[in-house]
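Asks: My file is model_9.cif. It has mmCIF, C-alpha atoms (C1' of nucleotides):
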data_run
#
loop_
_atom_site.label_atom_id
_atom_site.label_comp_id
_atom_site.auth_asym_id
_atom_site.auth_seq_id
_atom_site.Cartn_x
_atom_site.Cartn_y
_atom_site.Cartn_z
CA MET A 19 -189.39 -101.83 -84.74
CA LEU A 20 -188.63 -102.60 -81.09
CA ARG A 21 -191.07 -105.20 -79.81
CA GLU A 22 -192.27 -105.37 -76.23
CA LEU A 23 -190.51 -107.81 -73.94
CA ASN A 24 -192.83 -109.94 -71.82
CA PRO A 25 -191.90 -108.68 -68.35
CA LEU A 26 -192.58 -112.04 -66.79
CA LEU A 27 -189.86 -113.59 -68.89
CA HIS A 28 -187.53 -110.61 -68.87
CA SER A 29 -186.05 -111.57 -65.52
CA GLU A 30 -182.78 -113.40 -65.24
CA LEU A 31 -183.98 -116.11 -62.91
CA ARG A 32 -187.35 -116.71 -64.56
CA LEU A 33 -185.67 -116.78 -67.95
CA ALA A 34 -183.16 -119.29 -66.61
CA ILE A 35 -185.94 -121.51 -65.30
CA MET A 36 -187.74 -121.40 -68.63
CA SER A 37 -184.53 -121.92 -70.53
CA ILE A 38 -183.85 -125.08 -68.57
CA LEU A 39 -187.41 -126.38 -68.70
CA ILE A 40 -187.70 -125.91 -72.44
CA SER A 41 -184.89 -128.33 -73.10
CA VAL A 42 -185.86 -131.00 -70.61
CA GLU A 43 -189.01 -132.99 -69.94
CA SER A 44 -189.14 -131.94 -66.33
CA ALA A 45 -186.88 -130.73 -63.57
CA ASP A 46 -187.24 -130.69 -59.83
CA PHE A 47 -186.74 -127.83 -57.39
CA VAL A 48 -183.32 -128.96 -56.28
CA TYR A 49 -182.04 -129.35 -59.82
CA LEU A 50 -183.29 -125.89 -60.73
CA ARG A 51 -181.67 -124.44 -57.63
CA GLU A 52 -178.35 -126.03 -58.49
CA GLN A 53 -178.41 -125.04 -62.14
CA THR A 54 -179.46 -121.46 -61.53
CA GLY A 55 -177.52 -120.86 -58.34
CA ALA A 56 -180.55 -119.11 -56.93
CA THR A 57 -181.52 -119.15 -53.28
CA ALA A 58 -184.43 -121.42 -52.43
CA GLY A 59 -186.61 -118.47 -51.45
CA ASN A 60 -186.10 -116.61 -54.67
CA LEU A 61 -186.59 -119.76 -56.70
CA SER A 62 -189.80 -120.58 -54.86
CA VAL A 63 -191.24 -117.14 -55.58
CA GLN A 64 -190.29 -117.12 -59.24
CA ILE A 65 -191.58 -120.64 -59.86
CA ASP A 66 -194.83 -119.48 -58.37
CA LYS A 67 -195.09 -116.56 -60.76
CA LEU A 68 -194.44 -118.74 -63.77
CA GLN A 69 -197.02 -121.22 -62.58
CA GLN A 70 -199.54 -118.46 -61.90
CA ALA A 71 -199.11 -117.35 -65.50
CA GLY A 72 -199.67 -120.86 -66.76
CA TYR A 73 -196.18 -121.08 -68.22
CA ILE A 74 -195.12 -124.04 -66.14
CA LEU A 75 -196.77 -126.95 -64.39
CA VAL A 76 -195.75 -127.61 -60.80
CA GLU A 77 -196.33 -131.00 -59.25
CA LYS A 78 -195.72 -131.76 -55.61
CA GLY A 79 -195.04 -135.31 -54.66
CA PHE A 80 -192.55 -137.37 -52.73
CA ASN A 81 -189.26 -138.98 -53.48
CA GLY A 82 -189.42 -141.72 -50.90
CA LYS A 83 -190.08 -139.70 -47.79
CA LYS A 84 -188.72 -136.41 -49.03
CA PRO A 85 -190.96 -133.80 -50.60
CA ARG A 86 -190.28 -133.28 -54.26
CA THR A 87 -191.47 -130.47 -56.48
CA THR A 88 -191.33 -131.17 -60.16
CA CYS A 89 -191.70 -128.51 -62.84
CA SER A 90 -192.38 -128.77 -66.50
CA ILE A 91 -193.08 -126.22 -69.18
CA THR A 92 -196.56 -125.95 -70.65
CA GLU A 93 -197.53 -125.34 -74.26
CA GLN A 94 -198.40 -121.80 -73.27
CA GLY A 95 -194.98 -121.47 -71.72
CA VAL A 96 -193.23 -122.65 -74.85
CA ALA A 97 -195.22 -120.18 -76.92
CA ALA A 98 -194.44 -117.32 -74.56
CA PHE A 99 -190.76 -118.20 -74.49
CA GLU A 100 -190.58 -118.32 -78.26
CA GLU A 101 -192.33 -115.02 -78.56
CA TYR A 102 -189.96 -113.48 -76.05
CA VAL A 103 -186.94 -114.73 -77.94
CA ASP A 104 -188.40 -113.39 -81.14
CA ALA A 105 -189.01 -109.99 -79.58
CA LEU A 106 -185.44 -109.96 -78.30
CA ARG A 107 -184.22 -110.23 -81.85
CA SER A 108 -185.58 -106.77 -82.51
CA TYR A 109 -183.13 -105.43 -79.93
CA ILE A 110 -180.06 -107.42 -80.68
CA GLY A 111 -180.30 -107.84 -84.40
CA LYS A 112 -179.77 -110.72 -86.72
CA GLY A 113 -177.08 -112.21 -84.52
CA PHE A 114 -179.45 -115.06 -83.68
CA MET B 20 -173.72 -123.06 -68.61
CA LEU B 21 -175.99 -120.07 -67.96
CA ARG B 22 -173.97 -116.86 -68.03
CA GLU B 23 -174.76 -113.85 -65.90
CA LEU B 24 -176.72 -111.07 -67.53
CA ASN B 25 -175.36 -107.58 -66.95
CA PRO B 26 -178.20 -106.10 -64.89
CA LEU B 27 -177.59 -102.65 -66.30
CA LEU B 28 -178.37 -103.89 -69.76
CA HIS B 29 -181.05 -106.35 -68.76
CA SER B 30 -183.73 -103.69 -68.68
CA GLU B 31 -186.11 -103.15 -71.55
CA LEU B 32 -185.62 -99.41 -71.83
CA ARG B 33 -181.87 -99.37 -71.32
CA LEU B 34 -181.50 -102.22 -73.77
CA ALA B 35 -183.62 -100.29 -76.26
CA ILE B 36 -181.45 -97.21 -75.87
CA MET B 37 -178.30 -99.23 -76.40
CA SER B 38 -179.84 -101.10 -79.29
CA ILE B 39 -180.60 -97.83 -81.04
CA LEU B 40 -177.29 -96.19 -80.23
CA ILE B 41 -175.25 -99.12 -81.45
CA SER B 42 -176.61 -98.76 -84.94
CA VAL B 43 -176.39 -95.01 -85.25
CA GLU B 44 -173.67 -92.43 -84.79
CA SER B 45 -175.66 -90.44 -82.29
CA ALA B 46 -179.25 -89.80 -81.28
CA ASP B 47 -180.87 -87.03 -79.32
CA PHE B 48 -183.24 -87.24 -76.39
CA VAL B 49 -186.35 -86.58 -78.43
CA TYR B 50 -185.50 -89.22 -81.01
CA LEU B 51 -184.86 -91.77 -78.28
CA ARG B 52 -188.14 -90.88 -76.62
CA GLU B 53 -190.03 -91.32 -79.86
CA GLN B 54 -188.37 -94.57 -80.80
CA THR B 55 -188.70 -96.16 -77.39
CA GLY B 56 -192.09 -94.73 -76.47
CA ALA B 57 -190.75 -94.07 -72.97
CA THR B 58 -191.80 -91.15 -70.83
CA ALA B 59 -189.30 -88.31 -70.61
CA GLY B 60 -188.74 -88.94 -66.91
CA ASN B 61 -187.98 -92.60 -67.31
CA LEU B 62 -185.74 -91.93 -70.27
CA SER B 63 -183.85 -89.25 -68.40
CA VAL B 64 -183.16 -91.61 -65.51
CA GLN B 65 -182.07 -94.51 -67.67
CA ILE B 66 -179.82 -92.38 -69.86
CA ASP B 67 -178.18 -91.21 -66.67
CA LYS B 68 -177.47 -94.73 -65.52
CA LEU B 69 -175.92 -95.69 -68.83
CA GLN B 70 -173.79 -92.59 -68.77
CA GLN B 71 -172.76 -93.22 -65.17
CA ALA B 72 -171.56 -96.64 -66.24
CA GLY B 73 -169.58 -95.18 -69.10
CA TYR B 74 -171.65 -96.99 -71.69
CA ILE B 75 -172.82 -93.84 -73.42
CA LEU B 76 -171.63 -90.29 -73.88
CA VAL B 77 -174.14 -87.52 -73.23
CA GLU B 78 -173.62 -84.08 -74.66
CA LYS B 79 -175.80 -81.12 -73.82
CA GLY B 80 -175.99 -78.31 -76.31
CA PHE B 81 -178.52 -76.23 -78.13
CA ASN B 82 -180.44 -76.53 -81.32
CA GLY B 83 -181.03 -72.84 -81.95
CA LYS B 84 -182.57 -71.81 -78.65
CA LYS B 85 -183.83 -75.20 -77.61
CA PRO B 86 -181.80 -77.43 -75.37
CA ARG B 87 -180.58 -80.55 -77.06
CA THR B 88 -179.18 -83.67 -75.47
CA THR B 89 -177.22 -85.91 -77.76
CA CYS B 90 -176.22 -89.46 -76.88
CA SER B 91 -173.71 -91.79 -78.43
CA ILE B 92 -172.42 -95.18 -77.44
CA THR B 93 -168.86 -95.56 -76.16
CA GLU B 94 -166.38 -98.31 -76.88
CA GLN B 95 -167.04 -99.62 -73.42
CA GLY B 96 -170.74 -99.58 -74.21
CA VAL B 97 -170.28 -101.55 -77.39
CA ALA B 98 -168.22 -104.12 -75.52
CA ALA B 99 -170.78 -104.43 -72.75
CA PHE B 100 -173.61 -104.76 -75.25
CA GLU B 101 -171.81 -107.48 -77.13
CA GLU B 102 -171.06 -109.35 -73.97
CA TYR B 103 -174.67 -109.10 -72.91
CA VAL B 104 -175.86 -110.46 -76.23
CA ASP B 105 -173.37 -113.27 -75.97
CA ALA B 106 -174.53 -114.14 -72.48
CA LEU B 107 -178.12 -114.14 -73.68
CA ARG B 108 -177.23 -116.87 -76.12
CA SER B 109 -176.67 -119.20 -73.19
CA TYR B 110 -180.35 -118.78 -72.34
CA ILE B 111 -181.93 -118.85 -75.74
CA GLY B 112 -179.25 -120.28 -77.95
CA LYS B 113 -180.09 -123.96 -77.87
CA GLY B 114 -182.75 -124.94 -80.32
CA PHE B 115 -183.02 -121.42 -81.65
"C1'" DA C 26 -197.09 -57.05 -73.59
"C1'" DT C 27 -198.80 -60.89 -71.54
"C1'" DA C 28 -201.13 -65.08 -70.77
"C1'" DA C 29 -201.42 -69.76 -72.40
"C1'" DA C 30 -199.42 -73.62 -74.32
"C1'" DG C 31 -195.56 -76.27 -75.94
"C1'" DT C 32 -190.68 -78.19 -75.65
"C1'" DA C 33 -186.98 -80.42 -73.40
"C1'" DG C 34 -185.83 -82.11 -69.98
"C1'" DT C 35 -184.94 -83.17 -64.34
"C1'" DT C 36 -186.31 -84.36 -59.70
"C1'" DT C 37 -189.01 -86.66 -56.46
"C1'" DA C 38 -192.44 -89.90 -55.11
"C1'" DT C 39 -194.77 -94.18 -55.80
"C1'" DT C 40 -195.30 -98.73 -57.33
"C1'" DT C 41 -193.40 -102.96 -58.62
"C1'" DT C 42 -189.92 -106.37 -58.56
"C1'" DA C 43 -186.11 -108.94 -56.90
"C1'" DT C 44 -183.70 -110.74 -53.26
"C1'" DA C 45 -182.55 -112.12 -48.76
"C1'" DA C 46 -183.53 -113.43 -44.26
"C1'" DA C 47 -186.30 -115.89 -41.25
"C1'" DC C 48 -189.04 -119.56 -40.64
"C1'" DC C 49 -191.40 -124.44 -40.83
"C1'" DA C 50 -192.00 -129.49 -40.99
"C1'" DA C 51 -190.12 -133.64 -41.66
"C1'" DA C 52 -186.04 -136.57 -42.20
"C1'" DT C 53 -181.36 -137.82 -41.16
"C1'" DT C 54 -177.20 -137.92 -38.60
"C1'" DT C 55 -174.46 -138.01 -34.34
"C1'" DA D 13 -182.72 -137.25 -28.16
"C1'" DA D 14 -180.39 -133.21 -29.68
"C1'" DA D 15 -178.39 -131.21 -33.62
"C1'" DT D 16 -178.19 -130.87 -38.55
"C1'" DT D 17 -179.84 -131.35 -43.12
"C1'" DT D 18 -183.38 -131.28 -46.73
"C1'" DG D 19 -186.92 -129.15 -49.22
"C1'" DG D 20 -189.16 -125.90 -49.29
"C1'" DT D 21 -192.57 -121.26 -47.97
"C1'" DT D 22 -193.46 -116.76 -45.99
"C1'" DT D 23 -192.28 -112.26 -44.84
"C1'" DA D 24 -189.26 -108.30 -44.77
"C1'" DT D 25 -186.07 -105.36 -47.10
"C1'" DA D 26 -183.44 -103.52 -50.95
"C1'" DA D 27 -183.41 -102.19 -55.57
"C1'" DA D 28 -185.50 -100.96 -59.85
"C1'" DA D 29 -188.91 -99.12 -62.87
"C1'" DT D 30 -192.26 -95.90 -63.65
"C1'" DA D 31 -195.18 -91.98 -63.10
"C1'" DA D 32 -196.22 -87.57 -61.45
"C1'" DA D 33 -194.80 -83.15 -60.47
"C1'" DC D 34 -191.77 -79.59 -61.36
"C1'" DT D 35 -188.20 -76.32 -63.75
"C1'" DA D 36 -186.71 -73.39 -67.25
"C1'" DC D 37 -187.17 -71.77 -71.05
"C1'" DT D 38 -189.62 -70.75 -76.05
"C1'" DT D 39 -193.35 -70.15 -79.13
"C1'" DT D 40 -197.94 -68.80 -80.18
"C1'" DA D 41 -202.10 -66.43 -79.62
"C1'" DT D 42 -204.68 -62.31 -77.66
#
Let me see the file written as structure tokens.
Replies:
Amino acid sequence: MLRELNPLLHSELRLAIMSILISVESADFVYLREQTGATAGNLSVQIDKLQQAGYILVEKGFNGKKPRTTCSITEQGVAAFEEYVDALRSYIGKGF
Amino acid sequence: MLRELNPLLHSELRLAIMSILISVESADFVYLREQTGATAGNLSVQIDKLQQAGYILVEKGFNGKKPRTTCSITEQGVAAFEEYVDALRSYIGKGF
DNA sequence: ATAAAGTAGTTTATTTTATAAACCAAATTT
DNA sequence: AAATTTGGTTTATAAAATAAACTACTTTAT
């Protein structure tokens, strides 16, 4: 009946990050901050958790002289996201 | 782009409660506990929060000699649930 | 009749999570 | 060269979720 919701994805900010990354090849820290409206600290922490779980890939490089953190979703991340969405359906019905 | 998710509803257990109550005229505490698999303590707390918010109506009566708590969703609750579901679409709606 | 166990919850304490505030290093602007 | 901005991380605090303990009966067994 009611499926379990992956707690790592059932968080507004982490879900937002995944939602953005799933529809884009990659996105950098600044873009994610702008799109989500999150504070840098919160974003940093949540990106870390998603990376820890293997849901996203985080690459640190430079854009000229400025540091640049680029994130992209992994296969595992896509799978987890899809499963989460599927589980959600059991709560909110056929509306999707 | 990404809508805000009502934090009161963005909780697995509270969402489960609302999800059940929206499709049923009323449900008692025991039924909700069975369907959600939650502990009584957790359920009690979350029911309280939903009631506090005016999303559900809680009636305490007796079933013979046993206490019986019956819950039903309010109009306000239905509206909030629908808005939450709608907001969710902004996260999972594209490509799904 | 009474002790033990079960039911239906609530209250309180603990753990976990989310968020914000403070900080750092380098780059840019004034 | 001092102040500000950029791109973050770390640490502290607030909020939430969960579990454990407790209350107030009722039912069952002795």
Asks: Would you mind listing, for every residue of chain B within 9 Å of chain C, the two atoms forming the shortest contact and the distance between them in Å to one decimal, using all atoms listed in the file, sorted by chain and ascending residue number, as a Markdown table?
Replies:
| residue | atom | partner | partner_atom | distance |
| --- | --- | --- | --- | --- |
| B:Phe48 | CA | C:DA33 | C1' | 8.3 |
| B:Val49 | CA | C:DA33 | C1' | 8.0 |
| B:Ala59 | CA | C:DG34 | C1' | 7.1 |
| B:Gly60 | CA | C:DT35 | C1' | 7.4 |
| B:Ser63 | CA | C:DT35 | C1' | 7.4 |
| B:Val64 | CA | C:DT35 | C1' | 8.7 |
| B:Lys85 | CA | C:DA33 | C1' | 7.4 |
| B:Pro86 | CA | C:DA33 | C1' | 6.3 |
| B:Arg87 | CA | C:DA33 | C1' | 7.4 |
| B:Thr88 | CA | C:DA33 | C1' | 8.7 |
Asks: Go ahead and dump the residues you just picked, C-alpha atoms, as an mmCIF file, keeping the file's coordinate frame.
Replies:
data_model
loop_
_atom_site.group_PDB
_atom_site.id
_atom_site.type_symbol
_atom_site.label_atom_id
_atom_site.label_comp_id
_atom_site.auth_asym_id
_atom_site.auth_seq_id
_atom_site.Cartn_x
_atom_site.Cartn_y
_atom_site.Cartn_z
ATOM 1 C CA PHE B 48 -183.240 -87.240 -76.390
ATOM 2 C CA VAL B 49 -186.350 -86.580 -78.430
ATOM 3 C CA ALA B 59 -189.300 -88.310 -70.610
ATOM 4 C CA GLY B 60 -188.740 -88.940 -66.910
ATOM 5 C CA SER B 63 -183.850 -89.250 -68.400
ATOM 6 C CA VAL B 64 -183.160 -91.610 -65.510
ATOM 7 C CA LYS B 85 -183.830 -75.200 -77.610
ATOM 8 C CA PRO B 86 -181.800 -77.430 -75.370
ATOM 9 C CA ARG B 87 -180.580 -80.550 -77.060
ATOM 10 C CA THR B 88 -179.180 -83.670 -75.470
#
Asks: For each of A:Leu33, A:Leu50, A:Leu75, A:Leu39, take the minimum atom-to-atom distance to chain B, counting only C-alpha atoms, then give the residue where this is smallest.
Replies: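 Checking each candidate against chain B, we get A:Leu33 as the closest.
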Asks: Grab the atom CA of A:Gln69 to atom CA of A:Leu27 distance for me, in Å with one decimal place.
Replies: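 So the answer is 12.2 Å.
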Asks: Could you write out chain B as a PDB file with C-alpha atoms, keeping the file's coordinate frame once it has been least-squares superposed on chain A using every ordered C-alpha pair?
Replies:
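What landed in out-v3.pdb:
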ATOM      1  CA  MET B  20    -189.346-102.035 -84.870  1.00  0.00           C
ATOM      2  CA  LEU B  21    -188.543-102.872 -81.241  1.00  0.00           C
ATOM      3  CA  ARG B  22    -191.015-105.425 -79.914  1.00  0.00           C
ATOM      4  CA  GLU B  23    -192.176-105.539 -76.328  1.00  0.00           C
ATOM      5  CA  LEU B  24    -190.458-108.009 -74.053  1.00  0.00           C
ATOM      6  CA  ASN B  25    -192.772-110.095 -71.893  1.00  0.00           C
ATOM      7  CA  PRO B  26    -191.798-108.803 -68.446  1.00  0.00           C
ATOM      8  CA  LEU B  27    -192.500-112.156 -66.856  1.00  0.00           C
ATOM      9  CA  LEU B  28    -189.834-113.753 -68.967  1.00  0.00           C
ATOM     10  CA  HIS B  29    -187.462-110.819 -68.987  1.00  0.00           C
ATOM     11  CA  SER B  30    -185.953-111.772 -65.658  1.00  0.00           C
ATOM     12  CA  GLU B  31    -182.702-113.656 -65.392  1.00  0.00           C
ATOM     13  CA  LEU B  32    -183.933-116.324 -63.010  1.00  0.00           C
ATOM     14  CA  ARG B  33    -187.315-116.885 -64.613  1.00  0.00           C
ATOM     15  CA  LEU B  34    -185.689-117.006 -68.019  1.00  0.00           C
ATOM     16  CA  ALA B  35    -183.198-119.542 -66.685  1.00  0.00           C
ATOM     17  CA  ILE B  36    -185.987-121.710 -65.317  1.00  0.00           C
ATOM     18  CA  MET B  37    -187.830-121.606 -68.615  1.00  0.00           C
ATOM     19  CA  SER B  38    -184.649-122.201 -70.551  1.00  0.00           C
ATOM     20  CA  ILE B  39    -183.998-125.359 -68.567  1.00  0.00           C
ATOM     21  CA  LEU B  40    -187.572-126.592 -68.635  1.00  0.00           C
ATOM     22  CA  ILE B  41    -187.919-126.159 -72.367  1.00  0.00           C
ATOM     23  CA  SER B  42    -185.166-128.639 -73.025  1.00  0.00           C
ATOM     24  CA  VAL B  43    -186.161-131.269 -70.515  1.00  0.00           C
ATOM     25  CA  GLU B  44    -189.313-133.206 -69.758  1.00  0.00           C
ATOM     26  CA  SER B  45    -189.395-132.115 -66.156  1.00  0.00           C
ATOM     27  CA  ALA B  46    -187.066-130.892 -63.436  1.00  0.00           C
ATOM     28  CA  ASP B  47    -187.391-130.779 -59.691  1.00  0.00           C
ATOM     29  CA  PHE B  48    -186.802-127.899 -57.323  1.00  0.00           C
ATOM     30  CA  VAL B  49    -183.381-129.066 -56.226  1.00  0.00           C
ATOM     31  CA  TYR B  50    -182.144-129.532 -59.776  1.00  0.00           C
ATOM     32  CA  LEU B  51    -183.362-126.070 -60.720  1.00  0.00           C
ATOM     33  CA  ARG B  52    -181.675-124.598 -57.672  1.00  0.00           C
ATOM     34  CA  GLU B  53    -178.398-126.262 -58.541  1.00  0.00           C
ATOM     35  CA  GLN B  54    -178.484-125.329 -62.191  1.00  0.00           C
ATOM     36  CA  THR B  55    -179.474-121.727 -61.634  1.00  0.00           C
ATOM     37  CA  GLY B  56    -177.471-121.114 -58.473  1.00  0.00           C
ATOM     38  CA  ALA B  57    -180.474-119.261 -57.049  1.00  0.00           C
ATOM     39  CA  THR B  58    -181.400-119.247 -53.395  1.00  0.00           C
ATOM     40  CA  ALA B  59    -184.319-121.471 -52.446  1.00  0.00           C
ATOM     41  CA  GLY B  60    -186.439-118.472 -51.492  1.00  0.00           C
ATOM     42  CA  ASN B  61    -185.936-116.663 -54.749  1.00  0.00           C
ATOM     43  CA  LEU B  62    -186.520-119.821 -56.727  1.00  0.00           C
ATOM     44  CA  SER B  63    -189.699-120.573 -54.837  1.00  0.00           C
ATOM     45  CA  VAL B  64    -191.086-117.123 -55.593  1.00  0.00           C
ATOM     46  CA  GLN B  65    -190.189-117.174 -59.261  1.00  0.00           C
ATOM     47  CA  ILE B  66    -191.534-120.678 -59.816  1.00  0.00           C
ATOM     48  CA  ASP B  67    -194.766-119.446 -58.307  1.00  0.00           C
ATOM     49  CA  LYS B  68    -195.017-116.564 -60.725  1.00  0.00           C
ATOM     50  CA  LEU B  69    -194.436-118.793 -63.721  1.00  0.00           C
ATOM     51  CA  GLN B  70    -197.035-121.208 -62.470  1.00  0.00           C
ATOM     52  CA  GLN B  71    -199.498-118.398 -61.796  1.00  0.00           C
ATOM     53  CA  ALA B  72    -199.093-117.342 -65.402  1.00  0.00           C
ATOM     54  CA  GLY B  73    -199.713-120.857 -66.623  1.00  0.00           C
ATOM     55  CA  TYR B  74    -196.254-121.139 -68.114  1.00  0.00           C
ATOM     56  CA  ILE B  75    -195.240-124.107 -66.006  1.00  0.00           C
ATOM     57  CA  LEU B  76    -196.916-126.960 -64.194  1.00  0.00           C
ATOM     58  CA  VAL B  77    -195.857-127.601 -60.608  1.00  0.00           C
ATOM     59  CA  GLU B  78    -196.472-130.940 -58.989  1.00  0.00           C
ATOM     60  CA  LYS B  79    -195.829-131.639 -55.340  1.00  0.00           C
ATOM     61  CA  GLY B  80    -195.171-135.196 -54.318  1.00  0.00           C
ATOM     62  CA  PHE B  81    -192.705-137.230 -52.362  1.00  0.00           C
ATOM     63  CA  ASN B  82    -189.464-138.938 -53.090  1.00  0.00           C
ATOM     64  CA  GLY B  83    -189.611-141.570 -50.368  1.00  0.00           C
ATOM     65  CA  LYS B  84    -190.213-139.395 -47.331  1.00  0.00           C
ATOM     66  CA  LYS B  85    -188.804-136.196 -48.723  1.00  0.00           C
ATOM     67  CA  PRO B  86    -191.021-133.635 -50.348  1.00  0.00           C
ATOM     68  CA  ARG B  87    -190.406-133.231 -54.028  1.00  0.00           C
ATOM     69  CA  THR B  88    -191.550-130.442 -56.293  1.00  0.00           C
ATOM     70  CA  THR B  89    -191.483-131.214 -59.967  1.00  0.00           C
ATOM     71  CA  CYS B  90    -191.836-128.584 -62.675  1.00  0.00           C
ATOM     72  CA  SER B  91    -192.566-128.885 -66.350  1.00  0.00           C
ATOM     73  CA  ILE B  92    -193.255-126.344 -69.035  1.00  0.00           C
ATOM     74  CA  THR B  93    -196.750-126.025 -70.499  1.00  0.00           C
ATOM     75  CA  GLU B  94    -197.755-125.442 -74.088  1.00  0.00           C
ATOM     76  CA  GLN B  95    -198.567-121.898 -73.137  1.00  0.00           C
ATOM     77  CA  GLY B  96    -195.109-121.607 -71.630  1.00  0.00           C
ATOM     78  CA  VAL B  97    -193.425-122.841 -74.767  1.00  0.00           C
ATOM     79  CA  ALA B  98    -195.398-120.349 -76.827  1.00  0.00           C
ATOM     80  CA  ALA B  99    -194.547-117.479 -74.512  1.00  0.00           C
ATOM     81  CA  PHE B 100    -190.879-118.435 -74.493  1.00  0.00           C
ATOM     82  CA  GLU B 101    -190.756-118.564 -78.254  1.00  0.00           C
ATOM     83  CA  GLU B 102    -192.451-115.236 -78.555  1.00  0.00           C
ATOM     84  CA  TYR B 103    -190.030-113.727 -76.089  1.00  0.00           C
ATOM     85  CA  VAL B 104    -187.061-115.046 -78.021  1.00  0.00           C
ATOM     86  CA  ASP B 105    -188.540-113.701 -81.209  1.00  0.00           C
ATOM     87  CA  ALA B 106    -189.063-110.288 -79.673  1.00  0.00           C
ATOM     88  CA  LEU B 107    -185.486-110.302 -78.437  1.00  0.00           C
ATOM     89  CA  ARG B 108    -184.328-110.618 -82.009  1.00  0.00           C
ATOM     90  CA  SER B 109    -185.634-107.126 -82.660  1.00  0.00           C
ATOM     91  CA  TYR B 110    -183.095-105.862 -80.130  1.00  0.00           C
ATOM     92  CA  ILE B 111    -180.093-107.952 -80.954  1.00  0.00           C
ATOM     93  CA  GLY B 112    -180.872-109.347 -84.354  1.00  0.00           C
ATOM     94  CA  LYS B 113    -179.267-106.780 -86.609  1.00  0.00           C
ATOM     95  CA  GLY B 114    -175.598-107.334 -87.131  1.00  0.00           C
ATOM     96  CA  PHE B 115    -175.625-110.456 -85.014  1.00  0.00           C
TER      97      PHE B 115
END
Asks: Which residues would end up in the selection if the PyMOL selection byres ((chain D and resi 29) around 8) were applied here, given that I need the answer as a PDB file with C-alpha atoms (C1' of nucleotides), in the frame of the given file?
Replies:
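Once written, out.pdb looks like this:
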ATOM      1  CA  ASN B  61    -187.980 -92.600 -67.310  1.00  0.00           C
TER       2      ASN B  61
ATOM      3  C1'  DT C  41    -193.400-102.960 -58.620  1.00  0.00           C
TER       4       DT C  41
ATOM      5  C1'  DA D  28    -185.500-100.960 -59.850  1.00  0.00           C
ATOM      6  C1'  DT D  30    -192.260 -95.900 -63.650  1.00  0.00           C
TER       7       DT D  30
END
Asks: I would like the residues chosen by the PyMOL selection byres ((chain D) within 12 of (chain B)) on the shown file; could you give them as a list in words?
Replies: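 This file, filtered by the PyMOL selection byres ((chain D) within 12 of (chain B)), leaves DA27, DA28, DA29, DT30, DA31, DA32, DA33, DC34, DA36, DC37, DT38 and DT39 of chain D.
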Asks: Which chain A residues are at most 10 Å from chain B (counting all atoms listed in the file), as a ChimeraX atom specification?
Replies: /A:19-25,28-31,33-38,40-41,53-55,99-100,102-104,106,108-111,113-114
Asks: As AutoDock Vina command-line options, please: the centre and edge lengths in Å, to one decimal, of an axis-aligned box enclosing every listed atom of stretch 23-36 of chain D with 4 Å added on each side.
Replies:
--center_x -189.8 --center_y -92.8 --center_z -56.0 --size_x 20.8 --size_y 46.9 --size_z 30.5
Asks: Separation of atom CA of B:Gly83 and atom CA of B:Leu69, in Å?
Replies: 26.8 Å
Asks: Would you work out the distance separating atom CA of A:Leu61 from atom C1' of D:DT16, expressed in Å to one decimal?
Replies: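 For atom CA of A:Leu61 relative to atom C1' of D:DT16, the distance reads 22.9 Å.
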Asks: Given only C-alpha atoms as the basis, pick out the residue of B:Arg52, B:Val43, B:Phe81, B:Ile75 nearest to B:Ala98.
Replies: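 Of B:Arg52, B:Val43, B:Phe81, B:Ile75, the one nearest B:Ala98 is B:Ile75, counting only C-alpha atoms.
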Asks: For B:Tyr74, find every residue with an atom within 8 Å (counting all atoms listed in the file), except residues of its own chain fewer than 6 positions away, and show them as a list in words.
Replies: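 In the requested form, the answer reads Ile92, Thr93, Glu94, Gln95, Gly96, Val97 and Ala99 of chain B.
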Asks: Kindly resolve the PyMOL selection byres ((chain A and resi 88) around 8) on the present coordinates and return the residues as number ranges by chain.
Replies: A: 44-47, 76-79, 86-87, 89-90
